[in-house]
Each structure stands twice: as structure tokens, then as C-alpha cells.
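Only one structure is covered here, and it is reproduced in the block below.
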Amino acid sequence: MPLLFLNERSLATTCDRSRANEAMADFVDAVRAVREEDPDETALVSEVARESLEIAEGYTIGDWFLDDPKNRDRWRRLRALQNRSPVKSVYPAPDADGHLEYRHKGEKALGLGAAHFMDGIAVSLAVAPEWTPASVTVERSELVELDDGALEFEQDLVDVRHISAKTHVDDHLDWIRKSRLARAGSGRQIWERRADLYPHLQFLPRTEGHLTDLDPRWIVPVRGCLERLDAAVALWDPATRHEPEWQTKVTPESQTRREACRFTDLDGERRLFELHARFTPGMGRIYFRLVPEERAIRLAHIGSKIRPDL
């Protein structure tokens, strides 16, 4: 599903009325071009209330309606895309607990951050030069857990897919088409398509509920973690290596917590699933065990870090 996230920082900018009107027309054309590639799944996500949206400083949606009768129909199409969005809860931030934050030129960037975190596309009104490229760089600050259990913030720069004109869609066309064919847009879809998406991963029945009830903020991180685990196992030769060459951080559980990682396996036996990969924001974990005789790994838990009392 191509998720489009409105970049709120491109709104209410000081510019003349004609430029704002032109930018809005380009914005609508760009969103419609994405929808043409995937008419059933494209959704627009915005933390800005539709009725209070200010296209440029002093230039409201109401003003835009009056400038051209066709604008009402354009706005209805945008509203329809926004109404179908499955991830409105990603706002006001990718992680409401303050574990992850995105900024652009020092200012919080909710839409740009959500587009990166949810593996989507940011959409802007091209009323300033910074919103004219097909990619926008933002600063990301993320709270991560170190090997000793301590927490610290890591900061880096990340590039966000971006469109503000129809021509930008061509830059992302391959990604849009691959996304439509190969990616699961919900935890339920991950479960239903697991055999096709991750042929080297086996899932205990208990993980169905974990995925079906997965927090929307964790869909993309979990999907990416599963992809990296599957890719590592695909290259694994159990005859020559004890375990795969992991493409994501994988560690065993500590001695004090190992017993909490025993689960009923597919054959009814209780076994230890202490290896785990991490995903963020928060302390997300995927617990599993190696199954070398089948060149596979078997997953027992997908969600928050296991506590010994569970």
C-alpha cells in the first residue's frame, strides 16, 4: 500500500496566492498519479484537520474553493484518500513515548518522519525551494538499547521519499510498483502471506495473534526485521556454520531471563526460544530458535521484550 504522508511544514508558508494555487494543483495531480498506480490501496495520512488546513499564510481551503469551481472536486478526492488511511494513529509522532523523533532544519517534522518510519512517501506543497526535490533529508534521533541494557540516543540523517509534483512520481515508480506486489500493509497481511514473503521462517501458532494485534507503528519495523532474518537464513549452510550470518542484530537472552523464553513448539514439546532480534521504537523483540535440520528458524514471540513474570 503506498502511504502518502502530508508534510505539514509545507503548509501556511508565506507566498503569493497564485503560487499557492499552483502548488496545490501540482499536489493534487501528484497524489492522483500515485493513486493511478494503485487505485485500491493508496491512502493519504495527515495530522492537519481538513477544515483548518491553510495552504499558504492567509490562504485557506475555503479561499481555494472560491478560486476555481473544480477545486471542490479535487478536494473531495483528497478527502476520500485521507478517510481510508489505516494508520492515523502514527501521529502525533512515530513513537508517542518519545523514543523516536524526526526534525528538518531543527524543527519537528511529523509528516516527513512518519513517511520515513512507515516506509511511505511524503507529499508537500511546493511553495518553497526545499519542497521541490524528489527526496528530503531529515535528522533522526532514536532511543536504542545497548548490549548492557543501557539506553542512549543515536542520531543520524535519513532520506525521505518525497513528491510535490507529478514528475516526482516517476522517480519512485519502481518502488511504488514493487510495494504493491510484494509488501504487506498490516500485521494481518504479514501473517496471511508469511509463507510467500518469508519462506525460511516458521511461525508458532501463538504469533498469529501477535501479528494481528500489532501496533500500526511496528508494522514496517517488524516487516523489515523479518525480511532481514529470512535473507540471512536463505544464505545459511548449517553444515558449515552453527548459525546464519545475521543481517540484523541477534543476541541470546540473558541467563536470568532465559526461562521466560520457553514455549510449546509445533510438536507439543517445550523448547527454548532465546535468540532474539530487535526492532524499534521501544523495546521490540522477535524471539526464535534455530532449526538447522530444515535450514529455517522458528519464531515464538513478536512484540515487546519478554518479561520474566509472563
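Order determines the names: the first chain of the C-alpha cells is A, the second B, and so forth; residues in each chain are numbered 1 upward, and ligands are numbered 1 upward as they are shown.
Non-sequential neighbours of region 57-73 of chain A (distance at most 10 Å, separation of 6 or more positions within a chain, only C-alpha atoms) are Leu11, Ala12, Thr13, Thr14, Cys15, Asp16, Arg17, Ser18, Ala20, Asn21, Met24, Ala25, Val28, Arg50, Glu51 and Arg79 of chain A.
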Q | Polymer residues at most 9 Å from Phe117 (chain A), only C-alpha atoms, same-chain spacing of 3 or more positions, as a PyMOL selection string | A | chain A and resi 94+112-114+120+217+220-221
Could those selected residues go to a file with N, CA, C and O atoms, as a PDB file, in the first residue's frame?
ATOM      1  N   PRO A  94       5.908   9.255  15.312  1.00  0.00           N
ATOM      2  CA  PRO A  94       6.074   7.818  15.081  1.00  0.00           C
ATOM      3  C   PRO A  94       6.099   7.021  16.373  1.00  0.00           C
ATOM      4  O   PRO A  94       5.643   5.895  16.420  1.00  0.00           O
ATOM      5  N   LEU A 112       7.094  14.184   7.510  1.00  0.00           N
ATOM      6  CA  LEU A 112       8.323  13.645   6.924  1.00  0.00           C
ATOM      7  C   LEU A 112       8.814  12.446   7.738  1.00  0.00           C
ATOM      8  O   LEU A 112       9.229  11.424   7.184  1.00  0.00           O
ATOM      9  N   GLY A 113       8.759  12.581   9.069  1.00  0.00           N
ATOM     10  CA  GLY A 113       9.200  11.477   9.921  1.00  0.00           C
ATOM     11  C   GLY A 113       8.321  10.255   9.778  1.00  0.00           C
ATOM     12  O   GLY A 113       8.812   9.137   9.696  1.00  0.00           O
ATOM     13  N   ALA A 114       7.011  10.468   9.743  1.00  0.00           N
ATOM     14  CA  ALA A 114       6.094   9.336   9.596  1.00  0.00           C
ATOM     15  C   ALA A 114       6.296   8.649   8.256  1.00  0.00           C
ATOM     16  O   ALA A 114       6.215   7.422   8.161  1.00  0.00           O
ATOM     17  N   GLY A 120       6.895   5.063   3.595  1.00  0.00           N
ATOM     18  CA  GLY A 120       5.967   5.619   2.622  1.00  0.00           C
ATOM     19  C   GLY A 120       6.578   6.768   1.850  1.00  0.00           C
ATOM     20  O   GLY A 120       7.796   6.803   1.626  1.00  0.00           O
ATOM     21  N   ARG A 217       2.418   1.277  14.430  1.00  0.00           N
ATOM     22  CA  ARG A 217       3.761   1.862  14.360  1.00  0.00           C
ATOM     23  C   ARG A 217       4.841   0.802  14.182  1.00  0.00           C
ATOM     24  O   ARG A 217       5.970   1.124  13.801  1.00  0.00           O
ATOM     25  N   VAL A 220       6.001  -1.680   9.847  1.00  0.00           N
ATOM     26  CA  VAL A 220       7.177  -1.566   8.983  1.00  0.00           C
ATOM     27  C   VAL A 220       8.436  -2.084   9.668  1.00  0.00           C
ATOM     28  O   VAL A 220       9.201  -2.844   9.065  1.00  0.00           O
ATOM     29  N   PRO A 221       8.725  -1.721  10.929  1.00  0.00           N
ATOM     30  CA  PRO A 221       9.914  -2.290  11.586  1.00  0.00           C
ATOM     31  C   PRO A 221       9.893  -3.811  11.674  1.00  0.00           C
ATOM     32  O   PRO A 221      10.912  -4.459  11.448  1.00  0.00           O
TER      33      PRO A 221
END
Report the residues of region 118-187 of chain A whose backbone DSSP state falls under strand (DSSP E), written as a tab-separated table (two decimals) with N, CA, C and O atoms, in the first residue's frame.
chain	number	residue	atom	x	y	z
A	121	ILE	N	5.74	7.71	1.47
A	121	ILE	CA	6.17	8.87	0.69
A	121	ILE	C	5.59	10.13	1.33
A	121	ILE	O	4.40	10.16	1.68
A	122	ALA	N	6.41	11.14	1.52
A	122	ALA	CA	5.93	12.43	1.99
A	122	ALA	C	5.45	13.25	0.80
A	122	ALA	O	6.03	13.21	-0.28
A	123	VAL	N	4.37	13.99	1.00
A	123	VAL	CA	3.83	14.85	-0.04
A	123	VAL	C	3.75	16.28	0.49
A	123	VAL	O	3.35	16.50	1.64
A	135	SER	N	13.44	13.91	-2.99
A	135	SER	CA	13.90	13.31	-1.74
A	135	SER	C	14.26	14.44	-0.78
A	135	SER	O	14.82	15.45	-1.20
A	136	VAL	N	13.94	14.26	0.50
A	136	VAL	CA	14.22	15.28	1.51
A	136	VAL	C	15.00	14.62	2.64
A	136	VAL	O	14.63	13.54	3.12
A	137	THR	N	16.07	15.27	3.06
A	137	THR	CA	16.89	14.75	4.16
A	137	THR	C	16.42	15.32	5.49
A	137	THR	O	16.20	16.52	5.61
A	138	VAL	N	16.25	14.44	6.48
A	138	VAL	CA	15.83	14.86	7.80
A	138	VAL	C	16.76	14.26	8.85
A	138	VAL	O	17.46	13.28	8.59
A	139	GLU	N	16.76	14.88	10.04
A	139	GLU	CA	17.56	14.37	11.14
A	139	GLU	C	16.69	13.45	11.99
A	139	GLU	O	15.57	13.79	12.34
A	140	ARG	N	17.24	12.28	12.31
A	140	ARG	CA	16.51	11.31	13.12
A	140	ARG	C	17.24	11.09	14.44
A	140	ARG	O	18.46	10.89	14.47
A	141	SER	N	16.50	11.10	15.54
A	141	SER	CA	17.03	10.81	16.87
A	141	SER	C	16.25	9.66	17.45
A	141	SER	O	15.02	9.72	17.57
A	142	GLU	N	16.95	8.56	17.80
A	142	GLU	CA	16.27	7.34	18.21
A	142	GLU	C	16.89	6.78	19.49
A	142	GLU	O	18.11	6.71	19.63
A	143	LEU	N	16.04	6.42	20.45
A	143	LEU	CA	16.50	5.81	21.69
A	143	LEU	C	16.70	4.32	21.45
A	143	LEU	O	15.77	3.60	21.07
A	144	VAL	N	17.92	3.83	21.67
A	144	VAL	CA	18.23	2.42	21.43
A	144	VAL	C	18.81	1.80	22.70
A	144	VAL	O	19.37	2.48	23.56
A	145	GLU	N	18.67	0.49	22.79
A	145	GLU	CA	19.18	-0.26	23.93
A	145	GLU	C	20.54	-0.85	23.58
A	145	GLU	O	20.69	-1.54	22.57
A	151	LEU	N	20.35	2.66	27.87
A	151	LEU	CA	19.67	3.33	26.77
A	151	LEU	C	20.41	4.60	26.40
A	151	LEU	O	20.90	5.33	27.28
A	152	GLU	N	20.50	4.87	25.11
A	152	GLU	CA	21.09	6.13	24.67
A	152	GLU	C	20.47	6.53	23.33
A	152	GLU	O	19.94	5.70	22.59
A	153	PHE	N	20.53	7.83	23.04
A	153	PHE	CA	20.00	8.32	21.78
A	153	PHE	C	21.07	8.25	20.69
A	153	PHE	O	22.22	8.63	20.91
A	154	GLU	N	20.67	7.72	19.55
A	154	GLU	CA	21.53	7.73	18.37
A	154	GLU	C	20.94	8.71	17.37
A	154	GLU	O	19.72	8.75	17.16
A	155	GLN	N	21.80	9.49	16.73
A	155	GLN	CA	21.34	10.48	15.77
A	155	GLN	C	21.98	10.24	14.41
A	155	GLN	O	23.17	9.91	14.33
A	156	ASP	N	21.19	10.38	13.36
A	156	ASP	CA	21.72	10.25	12.02
A	156	ASP	C	20.83	11.01	11.04
A	156	ASP	O	19.81	11.59	11.43
A	157	LEU	N	21.26	11.04	9.78
A	157	LEU	CA	20.49	11.68	8.73
A	157	LEU	C	19.88	10.61	7.85
A	157	LEU	O	20.53	9.62	7.52
A	158	VAL	N	18.63	10.78	7.47
A	158	VAL	CA	17.95	9.81	6.62
A	158	VAL	C	17.25	10.55	5.48
A	158	VAL	O	16.87	11.72	5.62
A	159	ASP	N	17.12	9.89	4.36
A	159	ASP	CA	16.43	10.46	3.20
A	159	ASP	C	15.00	9.94	3.13
A	159	ASP	O	14.75	8.74	3.31
A	160	VAL	N	14.08	10.85	2.85
A	160	VAL	CA	12.66	10.52	2.79
A	160	VAL	C	12.17	10.65	1.34
A	160	VAL	O	12.45	11.67	0.69
A	161	ARG	N	11.48	9.63	0.85
A	161	ARG	CA	10.85	9.76	-0.47
A	161	ARG	C	9.87	10.92	-0.43
A	161	ARG	O	9.12	11.07	0.55
A	162	HIS	N	9.83	11.69	-1.52
A	162	HIS	CA	9.06	12.93	-1.46
A	162	HIS	C	8.50	13.28	-2.83
A	162	HIS	O	9.16	13.08	-3.86
A	163	ILE	N	7.27	13.77	-2.84
A	163	ILE	CA	6.69	14.28	-4.08
A	163	ILE	C	5.95	15.58	-3.79
A	163	ILE	O	5.33	15.73	-2.74
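For the pair CA of Arg298 (chain A) and CA of Asp230 (chain A), the interatomic distance is 10.9 Å.
By chain and then residue number, the residues within 8 Å of region 224-229 of chain A are A:Leu197, A:Tyr198, A:Leu201, A:Val220, A:Val233, A:Trp246, A:Gln247, A:Thr248, A:Ala277, A:Arg278, A:Phe279, counting only C-alpha atoms and disregarding those fewer than 4 positions away in sequence.
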Print the selection's residues with N, CA, C and O atoms to a file, as an mmCIF file, in the first residue's frame.
data_model
loop_
_atom_site.group_PDB
_atom_site.id
_atom_site.type_symbol
_atom_site.label_atom_id
_atom_site.label_comp_id
_atom_site.auth_asym_id
_atom_site.auth_seq_id
_atom_site.Cartn_x
_atom_site.Cartn_y
_atom_site.Cartn_z
ATOM 1 N N LEU A 197 6.201 -14.492 1.712
ATOM 2 C CA LEU A 197 7.126 -13.395 1.992
ATOM 3 C C LEU A 197 8.399 -13.874 2.672
ATOM 4 O O LEU A 197 9.482 -13.344 2.411
ATOM 5 N N TYR A 198 8.281 -14.865 3.554
ATOM 6 C CA TYR A 198 9.419 -15.313 4.363
ATOM 7 C C TYR A 198 9.506 -16.836 4.333
ATOM 8 O O TYR A 198 9.181 -17.516 5.330
ATOM 9 N N LEU A 201 11.265 -18.765 7.279
ATOM 10 C CA LEU A 201 10.827 -18.524 8.649
ATOM 11 C C LEU A 201 9.591 -19.364 8.940
ATOM 12 O O LEU A 201 8.677 -19.460 8.128
ATOM 13 N N VAL A 220 6.001 -1.680 9.847
ATOM 14 C CA VAL A 220 7.177 -1.566 8.983
ATOM 15 C C VAL A 220 8.436 -2.084 9.668
ATOM 16 O O VAL A 220 9.201 -2.844 9.065
ATOM 17 N N VAL A 233 18.900 -16.460 6.655
ATOM 18 C CA VAL A 233 18.715 -17.908 6.658
ATOM 19 C C VAL A 233 18.823 -18.480 5.248
ATOM 20 O O VAL A 233 19.315 -19.602 5.054
ATOM 21 N N TRP A 246 23.986 -13.145 10.454
ATOM 22 C CA TRP A 246 22.814 -12.288 10.606
ATOM 23 C C TRP A 246 22.975 -10.942 9.915
ATOM 24 O O TRP A 246 24.055 -10.364 9.919
ATOM 25 N N GLN A 247 21.880 -10.460 9.364
ATOM 26 C CA GLN A 247 21.861 -9.146 8.719
ATOM 27 C C GLN A 247 21.191 -8.100 9.599
ATOM 28 O O GLN A 247 20.958 -6.966 9.177
ATOM 29 N N THR A 248 20.845 -8.498 10.806
ATOM 30 C CA THR A 248 20.318 -7.603 11.824
ATOM 31 C C THR A 248 20.857 -8.076 13.159
ATOM 32 O O THR A 248 21.389 -9.193 13.255
ATOM 33 N N ALA A 277 15.901 -10.932 17.789
ATOM 34 C CA ALA A 277 16.257 -9.741 17.018
ATOM 35 C C ALA A 277 15.467 -8.574 17.586
ATOM 36 O O ALA A 277 14.392 -8.755 18.172
ATOM 37 N N ARG A 278 15.993 -7.387 17.392
ATOM 38 C CA ARG A 278 15.367 -6.200 17.973
ATOM 39 C C ARG A 278 14.803 -5.303 16.888
ATOM 40 O O ARG A 278 15.308 -5.248 15.773
ATOM 41 N N PHE A 279 13.738 -4.607 17.247
ATOM 42 C CA PHE A 279 13.228 -3.568 16.366
ATOM 43 C C PHE A 279 12.736 -2.415 17.239
ATOM 44 O O PHE A 279 12.403 -2.594 18.408
#
